[in-house]
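Source file query.pdb; content: PDB, C-alpha atoms.
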ATOM      1  CA  LEU A  29      11.388 -19.025 -18.791
ATOM      2  CA  ILE A  30       8.752 -19.501 -21.506
ATOM      3  CA  GLU A  31       9.029 -22.236 -24.061
ATOM      4  CA  THR A  32       8.255 -21.187 -27.607
ATOM      5  CA  THR A  33       5.793 -24.002 -28.223
ATOM      6  CA  GLU A  34       2.156 -23.304 -27.454
ATOM      7  CA  LYS A  35      -0.892 -25.516 -27.499
ATOM      8  CA  MET A  36      -4.604 -24.751 -27.254
ATOM      9  CA  LEU A  37      -6.860 -26.818 -25.029
ATOM     10  CA  HIS A  38     -10.585 -26.909 -25.797
ATOM     11  CA  LEU A  39     -12.599 -28.110 -22.833
ATOM     12  CA  ASP A  40     -15.654 -30.230 -23.581
ATOM     13  CA  ASN A  41     -19.004 -29.519 -21.929
ATOM     14  CA  ASN A  42     -18.492 -32.081 -19.177
ATOM     15  CA  GLU A  43     -15.210 -30.455 -18.155
ATOM     16  CA  LYS A  44     -16.666 -26.939 -18.316
ATOM     17  CA  ASN A  45     -19.587 -27.873 -16.103
ATOM     18  CA  LYS A  46     -17.490 -29.729 -13.566
ATOM     19  CA  GLY A  47     -16.558 -26.665 -11.561
ATOM     20  CA  SER A  48     -20.021 -25.145 -11.349
ATOM     21  CA  SER A  49     -21.724 -28.459 -10.602
ATOM     22  CA  GLU A  50     -19.733 -28.800  -7.382
ATOM     23  CA  GLY A  51     -20.758 -25.353  -6.194
ATOM     24  CA  ASN A  52     -17.269 -23.898  -6.407
ATOM     25  CA  THR A  53     -18.383 -20.759  -8.223
ATOM     26  CA  ASN A  54     -21.840 -20.120  -6.740
ATOM     27  CA  ALA A  55     -20.854 -16.850  -5.111
ATOM     28  CA  VAL A  56     -17.561 -14.997  -4.958
ATOM     29  CA  PRO A  57     -17.310 -12.194  -2.376
ATOM     30  CA  PHE A  58     -14.966  -9.279  -3.099
ATOM     31  CA  VAL A  59     -12.380  -8.231  -0.508
ATOM     32  CA  PHE A  60     -10.743  -4.807  -0.646
ATOM     33  CA  MET A  61      -7.618  -4.251   1.447
ATOM     34  CA  VAL A  62      -7.635  -0.535   2.315
ATOM     35  CA  HIS A  63      -5.556   1.928   4.286
ATOM     36  CA  ASP A  64      -5.992   5.714   4.089
ATOM     37  CA  ARG A  65      -6.148   6.548   0.386
ATOM     38  CA  VAL A  66      -9.805   7.507   0.113
ATOM     39  CA  ASP A  67      -9.361   9.190  -3.277
ATOM     40  CA  TYR A  68      -8.029   5.935  -4.720
ATOM     41  CA  PHE A  69     -10.818   3.907  -3.200
ATOM     42  CA  LYS A  70     -13.526   6.207  -4.516
ATOM     43  CA  VAL A  71     -12.253   5.628  -8.040
ATOM     44  CA  ALA A  72     -12.076   1.889  -7.421
ATOM     45  CA  ILE A  73     -15.648   1.768  -6.096
ATOM     46  CA  GLU A  74     -16.934   3.811  -9.026
ATOM     47  CA  SER A  75     -15.524   1.191 -11.373
ATOM     48  CA  LEU A  76     -17.122  -1.558  -9.274
ATOM     49  CA  ARG A  77     -20.420   0.315  -9.343
ATOM     50  CA  ASN A  78     -20.305   0.255 -13.148
ATOM     51  CA  SER A  79     -19.431  -3.434 -13.311
ATOM     52  CA  ASP A  80     -21.464  -6.641 -13.195
ATOM     53  CA  PHE A  81     -20.624  -7.310  -9.541
ATOM     54  CA  PRO A  82     -23.908  -8.331  -7.826
ATOM     55  CA  LYS A  83     -24.492  -5.794  -5.085
ATOM     56  CA  LYS A  84     -26.244  -8.367  -2.909
ATOM     57  CA  LEU A  85     -22.990 -10.288  -2.500
ATOM     58  CA  PRO A  86     -20.620  -9.467   0.371
ATOM     59  CA  LEU A  87     -18.274  -6.563  -0.279
ATOM     60  CA  ILE A  88     -15.689  -6.961   2.461
ATOM     61  CA  ILE A  89     -13.582  -3.950   3.395
ATOM     62  CA  SER A  90     -10.512  -4.874   5.429
ATOM     63  CA  HIS A  91      -9.293  -1.733   7.157
ATOM     64  CA  ASP A  92      -5.647  -1.242   8.040
ATOM     65  CA  GLY A  93      -6.663   0.928  10.973
ATOM     66  CA  HIS A  94      -9.572   3.156  11.985
ATOM     67  CA  VAL A  95      -8.839   5.952   9.529
ATOM     68  CA  PRO A  96     -11.725   8.450   9.991
ATOM     69  CA  GLU A  97     -11.979   9.560   6.358
ATOM     70  CA  MET A  98     -11.955   5.981   5.065
ATOM     71  CA  MET A  99     -14.494   4.833   7.643
ATOM     72  CA  GLU A 100     -16.827   7.689   6.754
ATOM     73  CA  TYR A 101     -16.649   6.877   3.052
ATOM     74  CA  VAL A 102     -17.251   3.162   3.608
ATOM     75  CA  LYS A 103     -20.260   4.040   5.791
ATOM     76  CA  SER A 104     -21.751   5.887   2.816
ATOM     77  CA  LEU A 105     -21.579   2.689   0.729
ATOM     78  CA  LYS A 106     -23.708   0.582   3.036
ATOM     79  CA  SER A 107     -27.020   1.680   1.525
ATOM     80  CA  GLU A 108     -25.833   0.513  -1.903
ATOM     81  CA  PHE A 109     -23.630  -2.542  -1.268
ATOM     82  CA  ASN A 110     -23.695  -5.455   1.166
ATOM     83  CA  VAL A 111     -20.690  -4.075   3.033
ATOM     84  CA  ILE A 112     -18.901  -6.082   5.705
ATOM     85  CA  GLN A 113     -16.188  -4.148   7.545
ATOM     86  CA  ILE A 114     -13.329  -5.892   9.295
ATOM     87  CA  PHE A 115     -10.517  -4.116  11.125
ATOM     88  CA  HIS A 116      -6.992  -5.438  11.523
ATOM     89  CA  PRO A 117      -6.700  -5.599  15.327
ATOM     90  CA  HIS A 118      -2.969  -4.890  15.238
ATOM     91  CA  ALA A 119      -3.034  -2.182  12.568
ATOM     92  CA  CYS A 120       0.040   0.020  12.670
ATOM     93  CA  TYR A 121      -2.174   3.081  12.182
ATOM     94  CA  ASP A 122      -4.023   2.342  15.431
ATOM     95  CA  HIS A 123      -0.928   1.202  17.351
ATOM     96  CA  PRO A 124       1.971   3.241  15.951
ATOM     97  CA  HIS A 125       4.289   2.704  18.922
ATOM     98  CA  GLU A 126       3.798  -0.981  19.645
ATOM     99  CA  PHE A 127       4.092  -4.292  17.831
ATOM    100  CA  PRO A 128       3.728  -4.868  14.920
ATOM    101  CA  ALA A 129       4.482  -1.193  14.284
ATOM    102  CA  ASP A 130       7.379   0.766  15.738
ATOM    103  CA  ALA A 131       8.594  -1.181  18.767
ATOM    104  CA  PRO A 132      12.224  -0.035  19.338
ATOM    105  CA  GLU A 133      12.780  -2.560  22.120
ATOM    106  CA  LEU A 134      12.486  -5.377  19.563
ATOM    107  CA  ASN A 135      15.702  -4.186  17.924
ATOM    108  CA  GLU A 136      17.699  -4.557  21.114
ATOM    109  CA  GLY A 137      20.066  -7.464  20.501
ATOM    110  CA  TYR A 138      18.443  -8.183  17.126
ATOM    111  CA  GLU A 139      21.046  -8.758  14.414
ATOM    112  CA  GLY A 140      18.653  -7.797  11.629
ATOM    113  CA  ASP A 141      17.344  -9.415   8.476
ATOM    114  CA  ILE A 142      19.453 -11.039   5.747
ATOM    115  CA  TYR A 143      20.722  -7.572   4.826
ATOM    116  CA  HIS A 144      21.403  -6.679   8.499
ATOM    117  CA  ASN A 145      18.557  -4.157   8.502
ATOM    118  CA  LYS A 146      16.857  -3.563  11.823
ATOM    119  CA  ARG A 147      13.148  -4.275  12.206
ATOM    120  CA  SER A 148      10.932  -1.559  10.685
ATOM    121  CA  PRO A 149       7.127  -1.099  10.584
ATOM    122  CA  TRP A 150       7.543   0.100   7.010
ATOM    123  CA  ALA A 151       8.348  -3.500   6.123
ATOM    124  CA  THR A 152       6.083  -5.442   8.475
ATOM    125  CA  CYS A 153       2.699  -3.698   8.661
ATOM    126  CA  ALA A 154       1.158  -4.515   5.286
ATOM    127  CA  LYS A 155       2.173  -8.184   5.400
ATOM    128  CA  HIS A 156       0.707  -8.655   8.876
ATOM    129  CA  HIS A 157      -2.546  -7.078   7.677
ATOM    130  CA  TRP A 158      -2.709  -9.333   4.623
ATOM    131  CA  ILE A 159      -2.086 -12.478   6.695
ATOM    132  CA  TRP A 160      -4.809 -11.604   9.202
ATOM    133  CA  MET A 161      -7.270 -10.429   6.535
ATOM    134  CA  THR A 162      -7.012 -13.507   4.341
ATOM    135  CA  LYS A 163      -7.272 -15.947   7.243
ATOM    136  CA  THR A 164     -10.224 -14.019   8.697
ATOM    137  CA  VAL A 165     -12.147 -13.943   5.439
ATOM    138  CA  PHE A 166     -11.681 -17.630   4.660
ATOM    139  CA  ASP A 167     -12.796 -18.455   8.223
ATOM    140  CA  MET A 168     -15.864 -16.224   7.875
ATOM    141  CA  ASP A 169     -19.401 -17.616   7.920
ATOM    142  CA  PHE A 170     -21.121 -15.743   5.101
ATOM    143  CA  ASP A 171     -24.806 -15.184   5.729
ATOM    144  CA  ILE A 172     -25.945 -15.773   2.149
ATOM    145  CA  GLU A 173     -27.832 -18.566   0.418
ATOM    146  CA  ASP A 174     -25.101 -19.471  -2.064
ATOM    147  CA  SER A 175     -22.022 -21.396  -1.035
ATOM    148  CA  VAL A 176     -18.710 -19.549  -0.955
ATOM    149  CA  GLU A 177     -15.719 -21.601  -2.043
ATOM    150  CA  SER A 178     -13.619 -18.886  -3.709
ATOM    151  CA  ILE A 179     -12.832 -15.254  -2.892
ATOM    152  CA  PHE A 180     -11.519 -12.314  -4.936
ATOM    153  CA  PHE A 181      -8.840 -10.133  -3.307
ATOM    154  CA  ILE A 182      -7.956  -6.639  -4.473
ATOM    155  CA  GLU A 183      -6.370  -3.490  -3.027
ATOM    156  CA  GLU A 184      -7.718   0.037  -2.858
ATOM    157  CA  ASP A 185      -5.697   1.301  -5.829
ATOM    158  CA  TYR A 186      -7.138  -0.907  -8.583
ATOM    159  CA  VAL A 187     -10.084  -0.325 -10.886
ATOM    160  CA  VAL A 188     -12.018  -3.189 -12.462
ATOM    161  CA  SER A 189     -13.603  -3.849 -15.836
ATOM    162  CA  PRO A 190     -17.357  -3.838 -16.486
ATOM    163  CA  THR A 191     -17.202  -7.646 -16.771
ATOM    164  CA  ILE A 192     -15.055  -8.416 -13.725
ATOM    165  CA  TYR A 193     -17.544 -10.723 -12.016
ATOM    166  CA  SER A 194     -18.462 -12.824 -15.036
ATOM    167  CA  THR A 195     -14.749 -13.101 -15.823
ATOM    168  CA  ILE A 196     -14.070 -14.386 -12.309
ATOM    169  CA  MET A 197     -16.894 -16.881 -12.517
ATOM    170  CA  GLN A 198     -15.755 -18.267 -15.845
ATOM    171  CA  GLY A 199     -12.097 -18.393 -14.850
ATOM    172  CA  LEU A 200     -12.866 -20.282 -11.660
ATOM    173  CA  SER A 201     -15.043 -22.770 -13.513
ATOM    174  CA  LEU A 202     -11.998 -23.554 -15.662
ATOM    175  CA  ALA A 203      -9.375 -23.561 -12.912
ATOM    176  CA  VAL A 204     -10.879 -24.410  -9.557
ATOM    177  CA  ASN A 205     -10.878 -28.202  -9.951
ATOM    178  CA  ASP A 206      -7.450 -28.442 -11.560
ATOM    179  CA  SER A 207      -4.742 -28.809  -8.935
ATOM    180  CA  LYS A 208      -2.051 -27.348 -11.211
ATOM    181  CA  TYR A 209      -3.566 -23.850 -10.860
ATOM    182  CA  PHE A 210      -3.041 -21.466  -7.946
ATOM    183  CA  GLY A 211      -6.090 -19.497  -9.054
ATOM    184  CA  ILE A 212      -6.848 -16.753 -11.544
ATOM    185  CA  ILE A 213      -5.304 -13.309 -12.057
ATOM    186  CA  PHE A 214      -6.513 -10.434 -14.200
ATOM    187  CA  ASP A 215      -3.545  -8.579 -15.712
ATOM    188  CA  ARG A 216      -1.238 -10.699 -17.843
ATOM    189  CA  THR A 217       1.401  -7.926 -17.871
ATOM    190  CA  ASN A 218       1.608  -7.699 -14.048
ATOM    191  CA  SER A 219       0.834  -3.979 -14.093
ATOM    192  CA  GLY A 220       3.091  -3.522 -17.113
ATOM    193  CA  THR A 221       6.244  -4.982 -15.553
ATOM    194  CA  ASP A 222       6.138  -8.169 -17.647
ATOM    195  CA  LYS A 223       5.005  -6.879 -21.042
ATOM    196  CA  ALA A 224       8.014  -8.376 -22.768
ATOM    197  CA  LYS A 225       7.636 -11.780 -21.117
ATOM    198  CA  VAL A 226       4.051 -12.760 -21.913
ATOM    199  CA  PRO A 227       2.919 -14.530 -25.096
ATOM    200  CA  HIS A 228       1.477 -12.506 -27.941
ATOM    201  CA  VAL A 229      -2.275 -11.887 -27.936
ATOM    202  CA  ARG A 230      -4.068 -11.563 -31.253
ATOM    203  CA  ALA A 231      -6.160  -8.461 -31.871
ATOM    204  CA  GLY A 232      -9.685  -9.056 -30.651
ATOM    205  CA  GLU A 233      -8.755 -12.277 -28.869
ATOM    206  CA  GLN A 234     -11.130 -13.316 -26.074
ATOM    207  CA  ASP A 235      -9.397 -16.376 -24.667
ATOM    208  CA  TRP A 236      -7.696 -17.582 -21.492
ATOM    209  CA  HIS A 237      -3.981 -18.062 -21.029
ATOM    210  CA  GLU A 238      -1.813 -19.929 -18.579
ATOM    211  CA  MET A 239       0.755 -17.783 -16.801
ATOM    212  CA  TYR A 240       2.789 -17.674 -13.602
ATOM    213  CA  PHE A 241       1.620 -15.836 -10.492
ATOM    214  CA  LYS A 242       3.583 -12.776  -9.475
ATOM    215  CA  THR A 243       1.414 -10.053  -7.969
ATOM    216  CA  GLY A 244      -1.855  -8.171  -8.236
ATOM    217  CA  PRO A 245      -5.519  -8.968  -7.586
ATOM    218  CA  PHE A 246      -6.413 -12.649  -7.667
ATOM    219  CA  ALA A 247      -9.210 -15.117  -6.947
ATOM    220  CA  ILE A 248      -8.448 -18.375  -5.188
ATOM    221  CA  GLY A 249     -10.427 -21.228  -3.696
ATOM    222  CA  ARG A 250     -10.373 -22.819  -0.281
ATOM    223  CA  LYS A 251      -8.187 -25.690  -1.465
ATOM    224  CA  THR A 252      -5.463 -23.249  -2.474
ATOM    225  CA  TRP A 253      -5.751 -21.354   0.790
ATOM    226  CA  GLN A 254      -5.469 -24.609   2.727
ATOM    227  CA  LYS A 255      -2.169 -25.247   0.966
ATOM    228  CA  VAL A 256      -0.912 -21.888   2.276
ATOM    229  CA  ILE A 257      -2.010 -22.871   5.782
ATOM    230  CA  ASN A 258      -0.219 -26.206   5.421
ATOM    231  CA  ALA A 259       2.982 -24.335   4.516
ATOM    232  CA  ARG A 260       2.617 -21.684   7.217
ATOM    233  CA  ASP A 261       6.048 -22.338   8.747
ATOM    234  CA  VAL A 262       7.756 -21.812   5.388
ATOM    235  CA  PHE A 263       5.589 -18.774   4.639
ATOM    236  CA  CYS A 264       6.235 -17.120   7.998
ATOM    237  CA  GLU A 265       9.955 -17.879   8.139
ATOM    238  CA  ARG A 266      10.670 -16.431   4.704
ATOM    239  CA  ASP A 267      12.593 -13.179   5.158
ATOM    240  CA  GLU A 268      10.392 -11.300   2.682
ATOM    241  CA  TYR A 269       8.270  -8.286   3.588
ATOM    242  CA  ASN A 270       6.032  -8.597   0.501
ATOM    243  CA  TRP A 271       3.146 -11.018   1.035
ATOM    244  CA  ASP A 272       2.809 -11.672  -2.716
ATOM    245  CA  TRP A 273       6.504 -12.442  -3.192
ATOM    246  CA  THR A 274       6.281 -14.753  -0.201
ATOM    247  CA  LEU A 275       3.583 -16.672  -2.054
ATOM    248  CA  VAL A 276       5.819 -16.748  -5.127
ATOM    249  CA  TYR A 277       8.581 -18.252  -3.002
ATOM    250  CA  LEU A 278       6.187 -21.020  -1.902
ATOM    251  CA  MET A 279       5.803 -21.864  -5.585
ATOM    252  CA  SER A 280       9.537 -22.272  -6.167
ATOM    253  CA  GLN A 281      11.614 -25.425  -6.416
ATOM    254  CA  GLU A 282      13.344 -24.435  -3.174
ATOM    255  CA  VAL A 283      10.241 -25.491  -1.221
ATOM    256  CA  LYS A 284       9.624 -29.175  -0.530
ATOM    257  CA  GLU A 285       7.143 -30.649  -2.979
ATOM    258  CA  ASP A 286       4.543 -31.562  -0.363
ATOM    259  CA  LEU A 287       4.410 -27.915   0.772
ATOM    260  CA  ARG A 288       4.850 -26.241  -2.604
ATOM    261  CA  LEU A 289       2.078 -24.110  -4.099
ATOM    262  CA  PRO A 290       1.129 -24.432  -7.779
ATOM    263  CA  TYR A 291       2.638 -21.514  -9.693
ATOM    264  CA  LEU A 292       0.357 -21.550 -12.727
ATOM    265  CA  VAL A 293      -2.684 -19.292 -12.971
ATOM    266  CA  LEU A 294      -5.262 -18.584 -15.628
ATOM    267  CA  VAL A 295      -5.496 -15.034 -16.946
ATOM    268  CA  PRO A 296      -7.879 -13.479 -19.504
ATOM    269  CA  SER A 297      -6.397 -12.166 -22.735
ATOM    270  CA  VAL A 298      -8.051  -8.794 -22.033
ATOM    271  CA  ILE A 299      -6.805  -7.000 -18.906
ATOM    272  CA  GLN A 300      -9.578  -6.821 -16.301
ATOM    273  CA  VAL A 301      -7.926  -4.745 -13.551
ATOM    274  CA  THR A 302      -5.787  -1.632 -13.755
ATOM    275  CA  HIS A 303      -3.418  -0.307 -11.117
ATOM    276  CA  ILE A 304      -3.999   3.426 -10.636
ATOM    277  CA  GLY A 305      -1.391   3.956  -7.926
ATOM    278  CA  THR A 306       2.220   4.875  -8.439
ATOM    279  CA  GLU A 307       3.846   3.953  -5.121
ATOM    280  CA  GLY A 308       2.382   0.666  -3.911
ATOM    281  CA  MET A 309      -0.009   0.024  -1.043
ATOM    282  CA  HIS A 310       0.888   3.064   1.046
ATOM    283  CA  GLY A 311       1.722   5.559  -1.705
ATOM    284  CA  SER A 312      -0.161   8.850  -2.024
ATOM    285  CA  LYS A 313      -0.214   9.647  -5.738
ATOM    286  CA  ILE A 314      -2.738   8.510  -8.339
ATOM    287  CA  GLY A 315      -1.154   7.824 -11.710
ATOM    288  CA  ASN A 316      -2.313   9.689 -14.812
ATOM    289  CA  SER A 317      -1.869   7.047 -17.516
ATOM    290  CA  TRP A 318      -4.576   4.523 -16.606
ATOM    291  CA  SER A 319      -8.025   3.779 -17.985
ATOM    292  CA  ILE A 320     -10.957   1.511 -17.119
ATOM    293  CA  PRO A 321     -10.281  -1.981 -18.540
ATOM    294  CA  LYS A 322     -12.358  -3.152 -21.475
ATOM    295  CA  PRO A 323     -15.002  -5.907 -21.225
ATOM    296  CA  PHE A 324     -14.001  -9.531 -21.605
ATOM    297  CA  HIS A 325     -16.294 -12.209 -23.001
ATOM    298  CA  GLY A 326     -13.892 -15.111 -23.007
ATOM    299  CA  THR A 327     -14.272 -18.509 -24.522
ATOM    300  CA  ASP A 328     -13.366 -21.898 -23.084
ATOM    301  CA  VAL A 329     -10.057 -21.882 -24.931
ATOM    302  CA  ILE A 330      -6.891 -22.070 -22.843
ATOM    303  CA  HIS A 331      -3.536 -21.251 -24.425
ATOM    304  CA  SER A 332      -1.153 -23.483 -22.518
ATOM    305  CA  VAL A 333       2.470 -22.338 -22.393
ATOM    306  CA  SER A 334       5.274 -23.968 -20.417
ATOM    307  CA  PHE A 335       6.820 -21.799 -17.708
ATOM    308  CA  SER A 336       9.468 -22.302 -15.094
ATOM    309  CA  PRO A 337       8.724 -21.094 -11.555
ATOM    310  CA  THR A 338      10.043 -17.648 -10.740
ATOM    311  CA  THR A 339      13.159 -17.582  -8.566
ATOM    312  CA  PHE A 340      14.519 -14.538  -6.762
ATOM    313  CA  LYS A 341      16.449 -13.466  -3.715
ATOM    314  CA  ALA A 342      14.388 -12.489  -0.678
ATOM    315  CA  ASN A 343      13.968  -8.766  -0.031
ATOM    316  CA  GLY A 344      14.284  -9.079   3.745
ATOM    317  CA  GLY A 345      12.335  -7.041   6.297
ATOM    318  CA  PHE A 346      10.511  -9.978   7.910
ATOM    319  CA  HIS A 347      12.946 -11.894  10.057
ATOM    320  CA  HIS A 348      12.340 -10.870  13.644
ATOM    321  CA  PRO A 349      11.278 -13.818  15.855
ATOM    322  CA  LYS A 350       8.213 -11.924  17.074
ATOM    323  CA  ASP A 351       6.986 -11.253  13.524
ATOM    324  CA  ILE A 352       7.474 -14.913  12.665
ATOM    325  CA  GLU A 353       5.723 -16.057  15.853
ATOM    326  CA  HIS A 354       2.785 -13.723  15.234
ATOM    327  CA  CYS A 355       2.456 -14.888  11.631
ATOM    328  CA  LYS A 356       2.371 -18.544  12.699
ATOM    329  CA  SER A 357      -0.192 -17.851  15.412
ATOM    330  CA  ILE A 358      -2.564 -16.256  12.902
ATOM    331  CA  LEU A 359      -2.168 -18.992  10.295
ATOM    332  CA  ALA A 360      -2.606 -21.802  12.794
ATOM    333  CA  PRO A 361      -5.741 -23.949  12.296
ATOM    334  CA  LYS A 362      -7.135 -22.513  15.520
ATOM    335  CA  TRP A 363      -5.743 -19.085  16.129
ATOM    336  CA  GLN A 364      -5.961 -16.342  18.705
ATOM    337  CA  LEU A 365      -5.032 -12.704  18.521
ATOM    338  CA  PHE A 366      -1.423 -12.118  19.478
ATOM    339  CA  ALA A 367      -1.143 -10.808  23.013
TER     340      ALA A 367
END
Could you rewrite the structure in this file as structure tokens?
Amino acid sequence: LIETTEKMLHLDNNEKNKGSSEGNTNAVPFVFMVHDRVDYFKVAIESLRNSDFPKKLPLIISHDGHVPEMMEYVKSLKSEFNVIQIFHPHACYDHPHEFPADAPELNEGYEGDIYHNKRSPWATCAKHHWIWMTKTVFDMDFDIEDSVESIFFIEEDYVVSPTIYSTIMQGLSLAVNDSKYFGIIFDRTNSGTDKAKVPHVRAGEQDWHEMYFKTGPFAIGRKTWQKVINARDVFCERDEYNWDWTLVYLMSQEVKEDLRLPYLVLVPSVIQVTHIGTEGMHGSKIGNSWSIPKPFHGTDVIHSVSFSPTTFKANGGFHHPKDIEHCKSILAPKWQLFA
């Protein structure tokens, strides 16, 4: 719920410089989570090409399988971007008839999730990829001069604004040293699903707003990711096939305070990412009502609005002991690939 009162916080120069002085925003690699929708990804990369993203910085492509068409396209980008390819070792595309994909033997004697549904790769594959990808990237030793303390995550069916990188840098400088923030997001309407719930934005406004995290591309720092690692048992045992809604659960009052994630994020008043897909991560249709987001040249003004954490009933699909065990093995401080 949103309280009707709103206050504006103006940060002084010392506060604004605090984040950058500690090296938290020196370099922010971009991570694209991709599957097989090459047409989507081409549009996404074209928007990145026309943005202020520094091409010398790592552009990490996390593949959900060795999809020939996607691999060929990514290969063509290597002369232009500093591409780093990583491949989910248990991708359902590469292993369609074994865990974590379709493994019928795992349903023998399994009573199902909270809705009594049997285990299905439709529900498990994307979450397993996201868990492995995020852990792998934060564990990565980037071979660049600048320090890397924060990372931007996005999927193959989003386009970005011309000012996406400068927006990320400014947002992190405001949020990264404040423990009440999970990170920063880039669409205050959550792809249009929350248009009626967000505070009004004045015409021409170029400010930052506080909001709750729900879904979509985000940038977070190592401190936030460490909090996810600390709560790995809660994360992995949540019967929720959506990785983003699992994070939202970790922000709820149902989770013990010492394991709870902050639910507030900062978001620019001008949308900086646009979802071009119509059916989620593994859909096949590009929508026809999207456009490239407009530039954002935000100020240091934060509109602070009081929210209550989102609560919801789990969607199920992630309750099998082997899925939980695999999740915990990946998120362990020292992890090994699941045998």
Residues proximal to (9.3, -1.9, 13.0) were defined as those with any atom within 12 Å of that point in the file's coordinates, counting all atoms listed in the file. Which are they, as a PyMOL selection string? chain A and resi 120+123-136+138+140-141+145-154+156+269+345-348+350-351
For this structure, which residues satisfy the selection - the PyMOL selection byres ((chain A and resi 166) around 10) - when it is evaluated on the file as given? I want them as an MDAnalysis selection string. chainID A and resid 161:165 167:170 176:179 249:250 253:254
Skip range 182-196 of chain A itself and residues of its chain fewer than 2 positions away, then list as a count of residues only all residues within 9 Å of it, counting only C-alpha atoms. 56
For a cutoff of 10 Å around the file-coordinate point (-9.1, -19.4, -23.7), which residues qualify once you count all atoms listed in the file? I'd like the result as a PyMOL selection string. chain A and resi 36-39+199+202+233-238+294-297+326-332
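CA of Asp64 in chain A is positioned 7.5 Å from CA of Glu97 in chain A.
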On this structure, the PyMOL selection byres ((chain A and resi 98-115) around 6) would catch which residues? List them as a list in words, sorted by chain and number. Val66, Lys83, Lys84, Pro86, Leu87, Ile88, Ile89, Ser90, His91, Val95, Pro96, Glu97, His116 and Pro117 of chain A
Mind telling me what the PyMOL selection byres ((chain A and resi 354) around 9) catches here, as a list in words? Pro128, His156, Cys264, Pro349, Lys350, Asp351, Ile352, Glu353, Cys355, Lys356, Ser357, Ile358, Leu359, Leu365 and Phe366 of chain A
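Near Gly93 in chain A, within a cut-off of 6 Å and counting only C-alpha atoms, sit the residues Ala119, Tyr121 and Asp122 of chain A, with same-chain residues fewer than 5 positions away left out.
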With a distance cut-off of 12 Å and only C-alpha atoms, select the neighbouring residues of Asn258 in chain A, excluding the residue or stretch itself and same-chain residues fewer than 6 positions from it, and output the selection as number ranges by chain. A: 251-252, 264, 278, 284, 286-289, 356, 359-361
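Distances here use all atoms listed in the file; by that measure, the residue among A:Tyr291, A:Trp271, A:Val229, A:Val262 closest to His157 in chain A is A:Trp271.
CA of Ser280 in chain A sits 14.8 Å away from CA of Thr243 in chain A.
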Residue among A:Trp318, A:Tyr277, A:Tyr240, A:Tyr209 lying closest to Phe335 in chain A, counting only C-alpha atoms: A:Tyr240
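The space separating CA of Ile142 in chain A from CA of Ile159 in chain A comes to 21.6 Å.
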Centre and size of axis-aligned box enclosing range 318-333 of chain A plus 8 Å each side, as AutoDock Vina command-line options:
--center_x -6.9 --center_y -9.5 --center_z -20.8 --size_x 34.8 --size_y 44.0 --size_z 24.3
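Shortest separation to Asp171 in chain A among A:Thr217, A:Gln281, A:Leu85, A:Lys255 occurs at residue A:Leu85, atoms counted being only C-alpha atoms.
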